[in-house]
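For reference, the structure discussed in these notes is given below.
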Amino acid sequence: MKTIGYAAYSPDSPLAPLTFERRALRPDDVAMEILYCGVCHSDLHTAHNDWGWSYYPIVPGHEIVGRVTATGSQVTRYQVGDHVAVGCMVDSCQECDQCHNGEEQLCREGHTGTYCGHDRHTGEPTQGGYAKHLVVREAFCLRVPDGLDLARTAPLLCAGITTYSPLRTWNVGPGSRVGVIGLGGLGHMAVKLAVGLGADVTVLSRSNGKEADALALGADRLLVSTDAGAMNKAANGFDLIIDTVPVKHSLDPYLPLLDVDGTLVIVGQVGPMAETNTVPLLLGRRRVAGSPIGGIRETQELLDFCAKKNILPDCEMIRMDQINDAFERMEKADVRYRFVIDMATLSDGQA
């Protein structure tokens, strides 16, 4: 299947049109026309090869909503015309204990990324959702529930599940005390989802400039992390803190906020962190953990939960040819809170 997308051709070049081939349908494949694709900070890192594993040309995009256009002979769950979604992975070994437990993101052999991965059958590089079409294994295709706004669903496939998974892993519900560090694409979803689960939610920020936004998103309060008095008063006040900050930073201000057996979960920064003082960990039996995306079963649970609770990200719609401007704005944190590309603005004539 010939298609067109926008690709990075080198770490320093702007994204530009690319014509490329999607694979022919295998018996267990679903083909789709991509309608919307969210823009994730990981897309930016990958385009710039910040993590050192990019190849070129590479088409980013792993927050994908589309319409089924064809199905393989063994596909049973979807038919032409269905609205479907694809997140950060498109395959896994399907044989290990983690895959059998519905935790494909933790596949012992490594899951196959929607982009920046390699097809398990052919070894060909995978290309993401900044494109007109996608072919994906049925087992990694998700159903978009009726009632969800298609134009705002895409960020749930990464920002949504990245914050929903730790909330579920640590059993957040009514009575839980949850802190959220950072109020960007991940942070605003963490707030909405924690509120939806019935938790008492506090946003932690270096200033009170985002207090109105935090309250509008449903948080109960904002705690200024540079206010020593307020931080001391909040000590031992949280069961779970979700750290969405995407750059290297210190955890020391936040660890005393955890109650006994409380957990701070890192979901933002991929790479080195600042040196940490272990005293609060040892004396309070506190924990620092990491969490990636969730598995397919949990991601479908998230979509169904969001449809039931009417929880959707706050999005700014852009055209495909605005992606480089969007990347520049994202580096400056100039987005509230997630860009989504209307893929109808990508035409064959741009090749």
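Scheme for the structure tokens: letters A, B, ... for chains in order shown; per-chain residue numbers from 1; ligand numbers from 1 in order shown.
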Compile the contact shell of stretch 273-282 of chain A as a ChimeraX atom specification: residues with an atom at most 10 Å away, counting only C-alpha atoms, same-chain residues fewer than 6 positions apart removed. /A:247-258,260-263,288
Report as CSV: every residue of stretch 74-181 of chain A with an atom at most 8 Å from stretch 186-204 of chain A, its closest pair of atoms, and their distance in Å to one decimal, counting only C-alpha atoms, with rows sorted by chain and ascending residue number.
residue,atom,partner,partner_atom,distance
A:Ala159,CA,A:Leu186,CA,5.0
A:Gly160,CA,A:Met189,CA,5.9
A:Thr162,CA,A:Leu186,CA,7.5
A:Thr163,CA,A:Ala190,CA,5.2
A:Tyr164,CA,A:Leu193,CA,6.6
A:Leu167,CA,A:Ala194,CA,7.0
A:Val172,CA,A:Ala199,CA,6.7
A:Gly173,CA,A:Leu197,CA,5.1
A:Pro174,CA,A:Gly198,CA,4.3
A:Gly175,CA,A:Ala199,CA,5.7
A:Ser176,CA,A:Ala199,CA,4.8
A:Arg177,CA,A:Asp200,CA,5.0
A:Val178,CA,A:Val201,CA,4.9
A:Gly179,CA,A:Thr202,CA,4.7
A:Val180,CA,A:Val203,CA,4.8
A:Ile181,CA,A:Leu204,CA,4.8
Mind writing the picked residues with C-alpha atoms as a PDB file, in the first residue's frame?
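Output file selection_29.pdb follows:
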ATOM      1  CA  ALA A 159      -0.606  10.625  27.314  1.00  0.00           C
ATOM      2  CA  GLY A 160      -3.788   9.004  28.574  1.00  0.00           C
ATOM      3  CA  THR A 162       0.820   6.591  30.425  1.00  0.00           C
ATOM      4  CA  THR A 163      -0.937   8.271  33.344  1.00  0.00           C
ATOM      5  CA  TYR A 164      -3.903   5.880  33.673  1.00  0.00           C
ATOM      6  CA  LEU A 167      -3.252   5.124  38.698  1.00  0.00           C
ATOM      7  CA  VAL A 172      -6.269   4.826  43.022  1.00  0.00           C
ATOM      8  CA  GLY A 173      -9.898   5.387  43.920  1.00  0.00           C
ATOM      9  CA  PRO A 174     -12.121   7.340  46.331  1.00  0.00           C
ATOM     10  CA  GLY A 175     -10.066   8.440  49.314  1.00  0.00           C
ATOM     11  CA  SER A 176      -6.722   8.227  47.488  1.00  0.00           C
ATOM     12  CA  ARG A 177      -4.484  11.267  47.799  1.00  0.00           C
ATOM     13  CA  VAL A 178      -2.735  11.905  44.481  1.00  0.00           C
ATOM     14  CA  GLY A 179      -0.163  14.519  43.549  1.00  0.00           C
ATOM     15  CA  VAL A 180       0.717  15.425  39.970  1.00  0.00           C
ATOM     16  CA  ILE A 181       4.030  17.129  39.219  1.00  0.00           C
TER      17      ILE A 181
END
re atom CA of A:Ala326 and atom CA of A:Val265: distance 28.0 Å
Could the residues of stretch 251-327 of chain A that have an atom at most 12 Å from stretch 30-36 of chain A be listed as a tab-separated table, each with its closest atom pair and the distance in Å to one decimal, counting only C-alpha atoms and ordered by chain and ascending residue number?
residue	atom	partner	partner_atom	distance
A:Cys315	CA	A:Tyr36	CA	11.6
A:Glu316	CA	A:Tyr36	CA	11.9
A:Met317	CA	A:Tyr36	CA	9.3
A:Ile318	CA	A:Tyr36	CA	10.0
A:Arg319	CA	A:Tyr36	CA	10.2
A:Met320	CA	A:Tyr36	CA	10.1
- Distance in Å - atom CA of A:Arg22 versus atom CA of A:Glu124: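 Going from atom CA of A:Arg22 over to atom CA of A:Glu124, I get 10.4 Å.
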I'd like the contact shell of A:Cys37 - 12 Å cut-off, only C-alpha atoms, skipping same-chain residues fewer than 2 positions apart - returned as an MDAnalysis selection string. chainID A and resid 5:6 33:35 39:40 43 59:66 85:88 128:134 150:158 315:320 323 338:346
Could you find all residues in stretch 26-73 of chain A that DSSP calls helix (DSSP H, G or I) from the backbone, and write them as a PyMOL selection string? chain A and resi 41-47
Practice prompt. DSSP on the backbone, then: every residue of stretch 44-289 of chain A marked strand (DSSP E), written as a ChimeraX atom specification.
Written response: /A:64-71,83-86,89-91,112-113,133-137,142-143,177-181,200-205,221-224,238-243,258-266,287-289
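Interatomic distance, atom CA of A:Ser347 to atom CA of A:Glu328: 23.2 Å.
Closest approach to A:Asn171 among A:Pro125, A:Asp28, A:Leu240, A:Asp304 is made by A:Leu240 (distances from only C-alpha atoms).
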Next on the checklist: Can you tell me which residues surround stretch 296-300 of chain A at a distance of at most 9 Å, considering only C-alpha atoms, apart from same-chain residues fewer than 5 positions away, and format the answer as a ChimeraX atom specification?
Outcome noted: /A:87,102-105,139-144,156-157,160-161,164-165,168,305
Could you save the residues just selected, with C-alpha atoms, as a compact mmCIF listing (two decimals), in the first residue's frame?
# COMPACT_ATOMS: atom_id res chain seq x y z
CA GLY A 87 -1.03 3.56 20.43
CA GLY A 102 -1.99 -8.56 28.97
CA GLU A 103 1.19 -6.55 29.63
CA GLU A 104 2.51 -6.46 26.06
CA GLN A 105 4.36 -3.24 26.80
CA ALA A 139 -4.40 -7.73 18.43
CA PHE A 140 -2.91 -4.23 18.71
CA CYS A 141 -5.90 -2.39 17.28
CA LEU A 142 -8.32 -0.79 19.76
CA ARG A 143 -11.98 0.03 19.39
CA VAL A 144 -13.01 3.67 19.83
CA LEU A 156 -5.45 9.05 25.11
CA LEU A 157 -3.33 6.46 23.27
CA GLY A 160 -3.79 9.00 28.57
CA ILE A 161 -2.58 5.44 29.09
CA TYR A 164 -3.90 5.88 33.67
CA SER A 165 -1.69 2.80 34.05
CA ARG A 168 -4.64 1.62 38.19
CA PHE A 305 -13.61 4.62 31.03
I want to know what sits within 6 Å of A:Gly113, based on only C-alpha atoms, with residues of the same chain fewer than 3 positions away left out; could you give that as a PyMOL selection string? chain A and resi 88-89+116-117
Using only C-alpha atoms, the best pick from A:Asn232, A:Thr19, A:Thr112, A:Gln127 as closest to A:Asp91 would be A:Thr112
Contacts of A:Tyr9 at 10 Å or less, counting only C-alpha atoms, minus same-chain residues fewer than 2 places along, as a tab-separated table (two decimals) with N, CA, C and O atoms, in the first residue's frame?
chain	number	residue	atom	x	y	z
A	6	TYR	N	4.68	12.54	6.85
A	6	TYR	CA	5.71	13.54	7.12
A	6	TYR	C	6.80	12.86	7.95
A	6	TYR	O	6.51	12.21	8.96
A	7	ALA	N	8.04	13.03	7.52
A	7	ALA	CA	9.16	12.33	8.14
A	7	ALA	C	10.30	13.29	8.48
A	7	ALA	O	10.47	14.33	7.84
A	11	PRO	N	18.60	14.31	12.15
A	11	PRO	CA	18.29	14.90	13.45
A	11	PRO	C	18.07	16.40	13.41
A	11	PRO	O	17.40	16.96	14.29
A	12	ASP	N	18.62	17.07	12.39
A	12	ASP	CA	18.57	18.52	12.35
A	12	ASP	C	17.60	19.08	11.31
A	12	ASP	O	17.41	20.30	11.24
A	13	SER	N	17.00	18.22	10.51
A	13	SER	CA	16.14	18.71	9.44
A	13	SER	C	14.70	18.83	9.90
A	13	SER	O	14.24	18.07	10.76
A	14	PRO	N	13.95	19.78	9.35
A	14	PRO	CA	12.52	19.83	9.64
A	14	PRO	C	11.80	18.64	9.02
A	14	PRO	O	12.30	18.02	8.08
A	15	LEU	N	10.65	18.30	9.56
A	15	LEU	CA	9.86	17.23	8.96
A	15	LEU	C	9.36	17.68	7.59
A	15	LEU	O	8.99	18.84	7.39
A	16	ALA	N	9.32	16.73	6.66
A	16	ALA	CA	8.92	17.02	5.28
A	16	ALA	C	8.20	15.81	4.71
A	16	ALA	O	8.32	14.69	5.24
A	17	PRO	N	7.43	15.98	3.63
A	17	PRO	CA	6.67	14.86	3.07
A	17	PRO	C	7.56	13.69	2.66
A	17	PRO	O	8.68	13.86	2.20
A	18	LEU	N	7.00	12.49	2.81
A	18	LEU	CA	7.67	11.25	2.41
A	18	LEU	C	6.62	10.31	1.84
A	18	LEU	O	5.60	10.05	2.48
A	47	ALA	N	12.57	12.48	16.46
A	47	ALA	CA	12.97	13.21	15.26
A	47	ALA	C	14.38	13.78	15.42
A	47	ALA	O	15.17	13.80	14.46
A	48	HIS	N	14.71	14.22	16.63
A	48	HIS	CA	16.03	14.82	16.90
A	48	HIS	C	17.07	13.78	17.33
A	48	HIS	O	18.21	14.16	17.61
A	55	TYR	N	16.30	6.10	13.34
A	55	TYR	CA	16.79	5.86	11.99
A	55	TYR	C	16.09	6.85	11.07
A	55	TYR	O	15.09	7.48	11.46
A	56	TYR	N	16.62	7.02	9.89
A	56	TYR	CA	16.07	8.04	8.98
A	56	TYR	C	15.91	7.47	7.58
A	56	TYR	O	16.72	6.65	7.15
A	57	PRO	N	14.88	7.92	6.85
A	57	PRO	CA	13.81	8.81	7.33
A	57	PRO	C	12.90	8.09	8.31
A	57	PRO	O	12.72	6.88	8.22
A	58	ILE	N	12.31	8.85	9.23
A	58	ILE	CA	11.40	8.27	10.21
A	58	ILE	C	10.13	9.10	10.31
A	58	ILE	O	10.18	10.33	10.40
A	59	VAL	N	9.00	8.42	10.27
A	59	VAL	CA	7.68	9.04	10.39
A	59	VAL	C	7.22	8.85	11.83
A	59	VAL	O	6.95	7.72	12.25
